[in-house]
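Source file: data33.pdb (PDB, C-alpha atoms)
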ATOM      1  CA  MET A  34      57.887 -71.691  99.089
ATOM      2  CA  THR A  35      56.598 -68.459  97.555
ATOM      3  CA  VAL A  36      58.962 -68.517  94.579
ATOM      4  CA  LEU A  37      58.186 -72.154  93.806
ATOM      5  CA  VAL A  38      54.425 -71.644  94.036
ATOM      6  CA  ASN A  39      54.667 -68.598  91.776
ATOM      7  CA  LEU A  40      56.549 -70.605  89.155
ATOM      8  CA  ILE A  41      53.988 -73.418  89.328
ATOM      9  CA  VAL A  42      51.142 -70.914  88.960
ATOM     10  CA  ALA A  43      52.853 -69.321  85.961
ATOM     11  CA  LEU A  44      53.111 -72.745  84.313
ATOM     12  CA  GLY A  45      49.413 -73.328  84.921
ATOM     13  CA  THR A  46      48.162 -69.958  83.738
ATOM     14  CA  VAL A  47      50.444 -69.338  80.775
ATOM     15  CA  CYS A  48      51.018 -72.886  79.456
ATOM     16  CA  ALA A  49      48.545 -75.452  80.795
ATOM     17  CA  VAL A  50      45.299 -73.585  80.159
ATOM     18  CA  PRO A  51      45.883 -72.591  76.498
ATOM     19  CA  LEU A  52      47.229 -76.073  75.726
ATOM     20  CA  GLY A  53      44.151 -77.575  77.339
ATOM     21  CA  LEU A  54      41.724 -75.294  75.519
ATOM     22  CA  ARG A  55      43.076 -76.499  72.187
ATOM     23  CA  LEU A  56      42.441 -80.072  73.296
ATOM     24  CA  ILE A  57      38.889 -79.347  74.440
ATOM     25  CA  ASP A  58      37.753 -77.674  71.234
ATOM     26  CA  PRO A  59      40.463 -76.736  68.713
ATOM     27  CA  VAL A  60      37.943 -74.815  66.612
ATOM     28  CA  GLY A  61      35.450 -73.290  69.031
ATOM     29  CA  LEU A  62      38.080 -72.285  71.607
ATOM     30  CA  ARG A  63      40.868 -71.407  69.170
ATOM     31  CA  ARG A  64      40.473 -67.668  69.695
ATOM     32  CA  ALA A  65      40.311 -68.044  73.482
ATOM     33  CA  ALA A  66      43.499 -70.140  73.479
ATOM     34  CA  ARG A  67      45.308 -67.675  71.239
ATOM     35  CA  LEU A  68      44.341 -64.642  73.341
ATOM     36  CA  TRP A  69      44.732 -66.332  76.722
ATOM     37  CA  PRO A  70      48.355 -65.191  77.316
ATOM     38  CA  LEU A  71      47.191 -61.563  77.163
ATOM     39  CA  ALA A  72      45.429 -62.168  80.483
ATOM     40  CA  ALA A  73      47.586 -64.996  81.830
ATOM     41  CA  VAL A  74      50.880 -63.099  81.682
ATOM     42  CA  PRO A  75      49.560 -60.163  83.772
ATOM     43  CA  GLY A  76      48.018 -62.656  86.188
ATOM     44  CA  ALA A  77      51.319 -64.468  86.597
ATOM     45  CA  LEU A  78      53.197 -61.164  86.847
ATOM     46  CA  SER A  79      50.933 -60.042  89.708
ATOM     47  CA  LEU A  80      52.428 -62.753  91.907
ATOM     48  CA  TRP A  81      55.876 -61.167  91.735
ATOM     49  CA  LEU A  82      54.662 -57.731  92.822
ATOM     50  CA  PRO A  83      53.900 -56.597  96.386
ATOM     51  CA  ARG A  84      50.279 -56.984  97.419
ATOM     52  CA  GLY A  85      48.338 -53.873  96.570
ATOM     53  CA  PRO A  86      46.373 -52.046  93.857
ATOM     54  CA  VAL A  87      48.769 -52.790  90.966
ATOM     55  CA  ALA A  88      49.002 -56.511  91.690
ATOM     56  CA  THR A  89      45.238 -56.666  92.223
ATOM     57  CA  ALA A  90      44.542 -54.907  88.907
ATOM     58  CA  LEU A  91      46.746 -57.387  87.033
ATOM     59  CA  ALA A  92      45.034 -60.294  88.793
ATOM     60  CA  LEU A  93      41.656 -58.860  87.817
ATOM     61  CA  LEU A  94      42.634 -59.037  84.149
ATOM     62  CA  TYR A  95      43.191 -62.747  84.546
ATOM     63  CA  ALA A  96      39.977 -63.145  86.527
ATOM     64  CA  ALA A  97      37.998 -61.516  83.712
ATOM     65  CA  ALA A  98      39.355 -64.047  81.216
ATOM     66  CA  ALA A  99      38.717 -66.948  83.609
ATOM     67  CA  LEU A 100      35.128 -65.847  84.207
ATOM     68  CA  ALA A 101      34.564 -65.547  80.456
ATOM     69  CA  LEU A 102      35.837 -69.107  80.111
ATOM     70  CA  ALA A 103      33.442 -70.251  82.837
ATOM     71  CA  ALA A 104      30.631 -68.583  80.907
ATOM     72  CA  THR A 105      31.412 -70.814  77.928
ATOM     73  CA  ALA A 106      30.913 -73.806  80.222
ATOM     74  CA  GLY A 107      27.477 -72.490  81.097
ATOM     75  CA  ALA A 108      26.653 -72.016  77.425
ATOM     76  CA  ARG A 109      27.775 -75.562  76.624
ATOM     77  CA  LEU A 110      25.701 -76.970  79.458
ATOM     78  CA  ARG A 111      22.623 -75.108  78.188
ATOM     79  CA  GLN A 112      23.193 -76.564  74.734
ATOM     80  CA  VAL A 113      23.294 -80.068  76.184
ATOM     81  CA  LEU A 114      20.100 -79.520  78.159
ATOM     82  CA  THR A 115      18.326 -77.891  75.232
ATOM     83  CA  ALA A 116      19.331 -80.604  72.783
ATOM     84  CA  ALA A 117      18.141 -83.414  75.046
ATOM     85  CA  ARG A 118      15.148 -85.199  73.656
ATOM     86  CA  PRO A 119      12.163 -85.965  75.885
ATOM     87  CA  GLY A 120      13.003 -89.003  77.943
ATOM     88  CA  GLY A 121      16.642 -88.916  76.814
ATOM     89  CA  ARG A 122      19.892 -87.875  78.481
ATOM     90  CA  ARG A 123      19.542 -84.489  80.156
ATOM     91  CA  LEU A 124      23.005 -84.233  81.673
ATOM     92  CA  PRO A 125      26.465 -84.272  80.088
ATOM     93  CA  ASP A 126      28.146 -87.638  79.710
ATOM     94  CA  PRO A 127      31.098 -88.369  82.047
ATOM     95  CA  ALA A 128      33.673 -86.914  79.653
ATOM     96  CA  GLY A 129      31.516 -83.850  79.082
ATOM     97  CA  ALA A 130      31.072 -83.300  82.819
ATOM     98  CA  ALA A 131      34.833 -83.471  83.301
ATOM     99  CA  VAL A 132      35.406 -80.906  80.552
ATOM    100  CA  LEU A 133      32.821 -78.546  82.044
ATOM    101  CA  THR A 134      34.660 -78.819  85.368
ATOM    102  CA  ALA A 135      37.904 -77.937  83.613
ATOM    103  CA  LEU A 136      36.361 -74.835  82.037
ATOM    104  CA  VAL A 137      35.061 -73.567  85.390
ATOM    105  CA  SER A 138      38.130 -74.305  87.520
ATOM    106  CA  PRO A 139      40.318 -71.342  86.421
ATOM    107  CA  SER A 140      37.631 -68.955  87.674
ATOM    108  CA  VAL A 141      37.941 -70.433  91.183
ATOM    109  CA  ALA A 142      41.708 -70.056  90.994
ATOM    110  CA  ALA A 143      41.443 -66.508  89.676
ATOM    111  CA  THR A 144      39.049 -65.477  92.448
ATOM    112  CA  ALA A 145      41.526 -66.700  95.041
ATOM    113  CA  LEU A 146      44.329 -64.914  93.192
ATOM    114  CA  VAL A 147      42.533 -61.554  93.238
ATOM    115  CA  ALA A 148      41.742 -61.848  96.943
ATOM    116  CA  GLU A 149      45.280 -62.886  97.845
ATOM    117  CA  ARG A 150      46.884 -60.097  95.796
ATOM    118  CA  ALA A 151      44.539 -57.600  97.450
ATOM    119  CA  GLY A 152      45.466 -58.943 100.890
ATOM    120  CA  TYR A 153      41.828 -59.792 101.545
ATOM    121  CA  ARG A 154      41.065 -62.918 103.563
ATOM    122  CA  LEU A 155      38.226 -64.188 101.374
ATOM    123  CA  PHE A 156      35.725 -66.207 103.453
ATOM    124  CA  GLY A 157      38.180 -65.853 106.339
ATOM    125  CA  PHE A 158      40.899 -68.007 104.745
ATOM    126  CA  ASP A 159      44.540 -67.228 105.416
ATOM    127  CA  LEU A 160      46.393 -65.652 102.537
ATOM    128  CA  ASP A 161      48.683 -68.698 102.309
ATOM    129  CA  VAL A 162      45.640 -70.930 101.757
ATOM    130  CA  LEU A 163      44.349 -68.613  99.034
ATOM    131  CA  ALA A 164      47.790 -68.610  97.387
ATOM    132  CA  LEU A 165      47.843 -72.424  97.273
ATOM    133  CA  THR A 166      44.275 -72.531  95.934
ATOM    134  CA  VAL A 167      45.498 -70.915  92.726
ATOM    135  CA  PRO A 168      47.789 -73.752  91.568
ATOM    136  CA  HIS A 169      45.431 -76.387  92.992
ATOM    137  CA  PHE A 170      42.552 -75.344  90.727
ATOM    138  CA  HIS A 171      44.784 -75.028  87.698
ATOM    139  CA  PHE A 172      46.158 -78.557  88.046
ATOM    140  CA  ALA A 173      43.756 -80.590  90.234
ATOM    141  CA  GLY A 174      40.888 -78.617  88.757
ATOM    142  CA  PHE A 175      41.563 -77.683  85.135
ATOM    143  CA  THR A 176      44.244 -80.119  83.974
ATOM    144  CA  ALA A 177      43.206 -83.190  85.959
ATOM    145  CA  ALA A 178      39.542 -82.866  84.972
ATOM    146  CA  LEU A 179      40.463 -82.272  81.329
ATOM    147  CA  VAL A 180      42.770 -85.298  81.176
ATOM    148  CA  ALA A 181      40.138 -87.438  82.903
ATOM    149  CA  GLY A 182      37.682 -86.366  80.221
ATOM    150  CA  LEU A 183      40.135 -87.164  77.437
ATOM    151  CA  VAL A 184      40.863 -90.578  78.932
ATOM    152  CA  CYS A 185      37.157 -91.316  79.266
ATOM    153  CA  ARG A 186      36.387 -90.209  75.727
ATOM    154  CA  SER A 187      39.112 -92.421  74.257
ATOM    155  CA  SER A 188      38.494 -95.427  76.563
ATOM    156  CA  GLY A 189      34.914 -94.845  77.639
ATOM    157  CA  THR A 190      33.991 -98.517  77.769
ATOM    158  CA  ARG A 191      36.552 -99.098  80.532
ATOM    159  CA  PRO A 192      34.981 -98.822  84.014
ATOM    160  CA  GLY A 193      38.122 -97.080  85.265
ATOM    161  CA  ALA A 194      37.822 -94.394  82.600
ATOM    162  CA  ARG A 195      34.228 -93.573  83.501
ATOM    163  CA  TRP A 196      35.094 -93.569  87.210
ATOM    164  CA  ALA A 197      37.918 -91.117  86.541
ATOM    165  CA  ALA A 198      35.672 -88.749  84.599
ATOM    166  CA  TYR A 199      33.132 -88.716  87.432
ATOM    167  CA  SER A 200      35.420 -88.828  90.475
ATOM    168  CA  VAL A 201      38.037 -86.236  89.505
ATOM    169  CA  PRO A 202      35.442 -83.423  89.223
ATOM    170  CA  ALA A 203      33.615 -84.771  92.303
ATOM    171  CA  GLY A 204      36.824 -84.979  94.313
ATOM    172  CA  THR A 205      37.831 -81.463  93.297
ATOM    173  CA  LEU A 206      34.436 -80.155  94.401
ATOM    174  CA  LEU A 207      34.604 -82.060  97.687
ATOM    175  CA  VAL A 208      38.055 -80.653  98.431
ATOM    176  CA  LEU A 209      36.683 -77.160  97.801
ATOM    177  CA  LEU A 210      33.721 -77.821 100.095
ATOM    178  CA  GLY A 211      36.138 -79.178 102.671
ATOM    179  CA  TYR A 212      37.678 -75.721 102.928
ATOM    180  CA  PHE A 213      34.362 -74.524 104.336
ATOM    181  CA  VAL A 214      33.442 -77.583 106.430
ATOM    182  CA  ASP A 215      36.374 -79.269 108.154
ATOM    183  CA  ASP A 216      39.521 -81.300 107.591
ATOM    184  CA  TRP A 217      37.573 -84.578 107.529
ATOM    185  CA  ALA A 218      35.465 -83.383 104.605
ATOM    186  CA  GLU A 219      38.633 -82.304 102.835
ATOM    187  CA  LEU A 220      40.112 -85.761 103.489
ATOM    188  CA  LEU A 221      37.049 -87.353 101.880
ATOM    189  CA  GLY A 222      37.552 -85.147  98.852
ATOM    190  CA  ALA A 223      41.216 -86.113  98.715
ATOM    191  CA  VAL A 224      40.294 -89.815  98.768
ATOM    192  CA  VAL A 225      37.787 -89.426  95.923
ATOM    193  CA  LEU A 226      40.183 -87.280  93.901
ATOM    194  CA  ALA A 227      43.110 -89.657  94.480
ATOM    195  CA  THR A 228      41.159 -92.725  93.373
ATOM    196  CA  GLY A 229      40.028 -90.867  90.279
ATOM    197  CA  MET A 230      43.565 -89.820  89.426
ATOM    198  CA  TRP A 231      44.816 -93.349  89.979
ATOM    199  CA  ALA A 232      42.132 -94.534  87.560
ATOM    200  CA  VAL A 233      43.474 -92.021  85.038
ATOM    201  CA  ALA A 234      46.973 -93.388  85.638
ATOM    202  CA  LEU A 235      45.835 -97.007  85.260
ATOM    203  CA  VAL A 236      43.981 -96.483  81.972
ATOM    204  CA  THR A 237      46.815 -94.322  80.646
ATOM    205  CA  TRP A 238      49.464 -96.927  81.471
ATOM    206  CA  ARG A 239      47.481-100.019  80.492
ATOM    207  CA  ASP A 240      45.588 -98.856  77.408
ATOM    208  CA  LEU A 241      46.866 -95.574  76.002
ATOM    209  CA  ARG A 242      50.621 -95.960  76.439
ATOM    210  CA  PRO A 243      50.912 -99.234  74.456
ATOM    211  CA  ALA A 244      48.773 -97.771  71.657
ATOM    212  CA  ALA A 245      50.804 -94.563  71.319
ATOM    213  CA  ARG A 246      51.976 -93.903  67.787
ATOM    214  CA  ASP A 247      55.587 -93.113  68.742
ATOM    215  CA  ARG A 248      58.071 -93.554  71.569
ATOM    216  CA  THR A 249      57.993 -89.901  72.665
ATOM    217  CA  THR A 250      54.238 -89.966  73.177
ATOM    218  CA  ALA A 251      54.436 -93.289  74.999
ATOM    219  CA  THR A 252      57.145 -91.925  77.298
ATOM    220  CA  LEU A 253      55.132 -88.802  78.125
ATOM    221  CA  LEU A 254      52.110 -90.955  78.963
ATOM    222  CA  ALA A 255      54.205 -93.306  81.081
ATOM    223  CA  VAL A 256      55.744 -90.454  83.068
ATOM    224  CA  SER A 257      52.377 -88.803  83.688
ATOM    225  CA  ALA A 258      50.874 -92.093  84.931
ATOM    226  CA  ALA A 259      53.822 -92.978  87.181
ATOM    227  CA  VAL A 260      54.000 -89.527  88.738
ATOM    228  CA  LEU A 261      50.320 -89.641  89.721
ATOM    229  CA  VAL A 262      50.886 -92.702  91.890
ATOM    230  CA  LEU A 263      53.366 -90.841  94.066
ATOM    231  CA  THR A 264      51.868 -87.357  94.089
ATOM    232  CA  MET A 265      48.398 -88.547  95.083
ATOM    233  CA  LEU A 266      49.865 -90.661  97.895
ATOM    234  CA  LEU A 267      51.435 -87.462  99.192
ATOM    235  CA  ALA A 268      48.090 -85.668  98.902
ATOM    236  CA  LEU A 269      46.383 -88.376 100.952
ATOM    237  CA  TRP A 270      49.161 -88.303 103.546
ATOM    238  CA  TRP A 271      48.846 -84.552 103.954
ATOM    239  CA  ALA A 272      45.027 -84.582 104.125
ATOM    240  CA  ALA A 273      45.045 -87.456 106.623
ATOM    241  CA  GLY A 274      47.573 -85.610 108.743
ATOM    242  CA  GLU A 275      45.465 -82.458 108.793
ATOM    243  CA  ALA A 276      42.380 -84.446 109.828
ATOM    244  CA  THR A 277      43.923 -86.810 112.376
ATOM    245  CA  GLY A 278      46.992 -84.997 113.613
ATOM    246  CA  ILE A 279      49.471 -87.652 112.492
ATOM    247  CA  VAL A 280      52.887 -86.505 111.313
ATOM    248  CA  HIS A 281      52.628 -85.237 107.748
ATOM    249  CA  PRO A 282      54.563 -83.064 105.291
ATOM    250  CA  THR A 283      54.641 -79.296 105.618
ATOM    251  CA  LEU A 284      53.092 -77.078 102.965
ATOM    252  CA  THR A 285      56.561 -76.090 101.767
ATOM    253  CA  TRP A 286      57.524 -79.738 101.350
ATOM    254  CA  MET A 287      54.225 -80.469  99.589
ATOM    255  CA  ALA A 288      54.802 -77.624  97.137
ATOM    256  CA  ALA A 289      58.264 -78.961  96.326
ATOM    257  CA  THR A 290      57.072 -82.556  95.833
ATOM    258  CA  HIS A 291      53.349 -82.922  95.232
ATOM    259  CA  GLY A 292      52.939 -79.536  93.564
ATOM    260  CA  LEU A 293      56.015 -79.641  91.366
ATOM    261  CA  GLY A 294      55.449 -83.292  90.460
ATOM    262  CA  ASN A 295      51.867 -82.680  89.395
ATOM    263  CA  ALA A 296      52.772 -79.546  87.435
ATOM    264  CA  LEU A 297      55.712 -80.979  85.492
ATOM    265  CA  GLY A 298      55.386 -84.746  85.687
ATOM    266  CA  PHE A 299      51.632 -85.052  85.290
ATOM    267  CA  ALA A 300      50.110 -81.890  83.813
ATOM    268  CA  LEU A 301      52.771 -80.848  81.336
ATOM    269  CA  CYS A 302      53.571 -84.401  80.209
ATOM    270  CA  SER A 303      49.879 -85.280  79.847
ATOM    271  CA  LEU A 304      49.001 -82.184  77.845
ATOM    272  CA  LEU A 305      51.973 -82.629  75.526
ATOM    273  CA  ALA A 306      51.125 -86.302  75.068
ATOM    274  CA  TRP A 307      47.485 -85.588  74.276
ATOM    275  CA  ARG A 308      48.488 -82.845  71.873
ATOM    276  CA  ARG A 309      50.518 -85.450  70.002
ATOM    277  CA  LEU A 310      47.706 -88.014  70.216
ATOM    278  CA  THR A 311      45.133 -85.646  68.760
ATOM    279  CA  ALA A 312      47.415 -84.250  66.056
ATOM    280  CA  PRO A 313      46.824 -85.567  62.512
ATOM    281  CA  ALA A 314      48.933 -88.659  61.944
ATOM    282  CA  ALA A 315      51.466 -88.837  59.169
ATOM    283  CA  PRO A 316      50.254 -90.908  56.183
ATOM    284  CA  SER A 317      52.671 -93.714  57.032
ATOM    285  CA  SER A 318      51.857 -93.791  60.721
ATOM    286  CA  PRO A 319      48.920 -95.617  62.286
ATOM    287  CA  SER A 320      46.450 -93.190  63.787
ATOM    288  CA  VAL A 321      45.304 -93.302  67.375
ATOM    289  CA  PRO A 322      41.673 -92.260  67.675
ATOM    290  CA  ALA A 323      41.453 -89.747  70.488
ATOM    291  CA  PRO A 324      38.850 -87.116  69.650
ATOM    292  CA  ALA A 325      38.675 -84.010  71.775
ATOM    293  CA  PRO A 326      35.906 -84.287  74.343
ATOM    294  CA  ARG A 327      32.952 -82.001  73.919
ATOM    295  CA  PRO A 328      30.157 -81.859  76.451
TER     296      PRO A 328
END

Here is the file; what I need is its structure written in the form of structure tokens.
Amino acid sequence: MTVLVNLIVALGTVCAVPLGLRLIDPVGLRRAARLWPLAAVPGALSLWLPRGPVATALALLYAAAALALAATAGARLRQVLTAARPGGRRLPDPAGAAVLTALVSPSVAATALVAERAGYRLFGFDLDVLALTVPHFHFAGFTAALVAGLVCRSSGTRPGARWAAYSVPAGTLLVLLGYFVDDWAELLGAVVLATGMWAVALVTWRDLRPAARDRTTATLLAVSAAVLVLTMLLALWWAAGEATGIVHPTLTWMAATHGLGNALGFALCSLLAWRRLTAPAAPSSPSVPAPAPRP
């Protein structure tokens, strides 16, 4: 399981985050996306080294970049609150809230990475749990929240799109809180997160896929939507098994199915599809309006 998890984490840190940053704000976060590999590569490399000072130092480089990214989320939230007129909206819209969640999520993953590489049982969690927290908050946290925000921004009038933008960040937070409460709280978070991801899949399949400007983009969207149906069923099965004691997949099996499916089938396909959707259309091709979400 270790090798597979390390590969999934590397995909999240080195590929998914910089791709996502360009979708969030191609101008304001351009420098962060361009420099991200300088921290992401050492962070990914730390996983292949024995636990100890060297691996911890490399993980700390990644944590510094992730915390700086989280600070940009705080700055964006302050801008929203400051710009609000008296009696007007004082909180980010659903798409904006999802994007803020995406910006903060790598810092949670990086904190777990530093603790795990140092061999420190942060908050009493087993090192295996900390290791799995790293990919979870890159894909269920960063990528899923970002895609939910993109879906909401492009199809915001659809109830499913707004539900996705609210429930994916809420489900991610509930799963995190479940770590500290009990398995039943984590199951609740899994239910909220799964319904939000299924809403993403539904809107993607029903609305975005048919409107895609080319077959490649449509195929990427179709794959990402179809994969979510299966991977989130597995997540619910595992969470229900932990809470009730029913037979459920092992963590190794979940990494090989749920984890790999979400990383390749959902995250990578979604980010590539949205990169194509937000790219300038050729003069002869109909454009698909899909502006990058900004809180």

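You can rank A:Arg150, A:Gly61, A:Pro127, A:Thr166 by their closest distance to Ser79 (chain A) using only C-alpha atoms, and at the top of that list sits A:Arg150.
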
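Taking all atoms listed in the file into account, Leu165 (chain A) lies nearest to A:Thr35 out of the set A:Thr35, A:Thr89, A:Asn295, A:Thr46.
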
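By chain and then residue number, the residues within 9 Å of Val260 (chain A) are Ala234, Ala255, Met265, Gly294, Asn295, Gly298 and Phe299 of chain A, counting only C-alpha atoms and disregarding those fewer than 5 positions away in sequence.
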
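Between CA of Leu82 (chain A) and CA of Leu163 (chain A) the interatomic distance comes to 16.2 Å.
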
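Among the candidate residues A:Leu179, A:Ala276, A:Val201, A:Ala223, the one lying nearest to Asp58 (chain A) is A:Leu179, with distances computed using all atoms listed in the file.
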
Legend entry - Residue neighbourhood Gly278 (chain A), 12 Å, only C-alpha atoms, exclusion window fewer than 6 positions, as JSON, numbers by chain: {"A": [216, 217, 270, 271, 272]}
